[in-house]
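Participant: There's a structure below that I have some questions on.
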Amino acid sequence: MIILPAIDIIDRKPVRLYQGDYAQKEIVGSSVMELAKNFEQSGAEYIHLVDLDGAKEGKRVNHEIILETAHALDVPVEVGGGIRTMAQIESYLENGIDRVILGTSAMEDPQLLQDALRRYGERIAVGIDCRDGLVYGRGWLEASELHYITFAKQLEEMGVQTVIVTDISKDGVLGGANVEATVNMSRETGLNVIASGGVSTLDDIVRLKESGIYGA
């Protein structure tokens, strides 16, 4: 199982939100760059960066610090948050980012997802943010009527290989991962499933690894 240290970014700073609530923000480091380098020095093989301002506003906001950070690292970087056009996808993937994560746009613009998959294949992942089994978009602020397993199966049919599954209710509370929901998706699909949200102890990691999950 691959471990991907995650850095959520607001106003160029690394932060933690409590259950996706932008009003409950905690700055968790002096800089994104420093935190990412610390992760790399600790042995991280992949870094996960999220532009939370971008996710909320529907456009890239923190892309400059994201690209600066990626260029300073020797390990691959995946990025999500506010990526809604092919030009934005290209800008990341042609400038040092290894994998782009589509979230809201994957749900609302399947044609964009299809075009991106056709062009970039496995370098396109999809973030599935959910609460009570339903998929959320626009920076965890808007609920859909789409069940997360149903959405995952649709993505698999389109050619998606990797998904990042975040249980919003678990995110930022350090209360343990939703192993059951993640394992259900892994069993119901052939996707590479990365567990996100609430992963905070070695026990979480062990339980996910023993369940055969691709990453956390």
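Ligands are numbered from 1 in the order shown, chains are lettered A, B, ... in the order of the structure tokens, and residues start at 1 in each chain.
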Would you return as a ChimeraX atom specification the members of region 22-205 of chain A that DSSP assigns to alpha helix (DSSP H) on this structure's backbone?
Facilitator: /A:32-41,52-57,63-72,86-93,104-108,110-120,148-158,179-188,202-205
Participant: Compile the contact shell of region 30-36 of chain A as a list of chain:residue names: residues with an atom at most 8 Å away, counting only C-alpha atoms, same-chain residues fewer than 2 positions apart removed.
Facilitator: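 Non-adjacent residues within range: A:Ile7, A:Ile9, A:Arg12, A:Lys13, A:Pro14, A:Ile27, A:Val28, A:Asn38, A:Phe39, A:Glu40, A:Ile47, A:Ile65, A:Glu68, A:Thr69, A:Ala72, A:Leu73.
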Participant: I'd like to know which of A:Gly43, A:Gly159, A:Pro110, A:Gly127 is closest to Gly80 (chain A), using only C-alpha atoms.
Facilitator: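 The closest residue to Gly80 (chain A) is A:Gly127.
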Participant: Please, what distance in Å, to one decimal, runs between CA of Glu122 (chain A) and CA of Gln41 (chain A)?
Facilitator: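 These two atoms are separated by 26.3 Å.
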Participant: For a quick check of understanding, using only C-alpha atoms, which of A:Lys209, A:His63, A:Arg99, A:Arg84 has the smallest distance to Ala195 (chain A)?
Facilitator: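 Selected residue with least distance to Ala195 (chain A): A:Lys209.
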Participant: Quote the spacing between CA of Ala116 (chain A) and CA of Glu94 (chain A) in Å to one decimal place.
Facilitator: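 Separating CA of Ala116 (chain A) from CA of Glu94 (chain A) is a distance of 13.0 Å.
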Participant: Please identify the strand (DSSP E or B) residues within region 35-211 of chain A (assignment by DSSP from backbone atoms) and present them as a PyMOL selection string.
Facilitator: chain A and resi 47-51+77-80+99-102+124-131+134-137+142-147+162-167+192-196
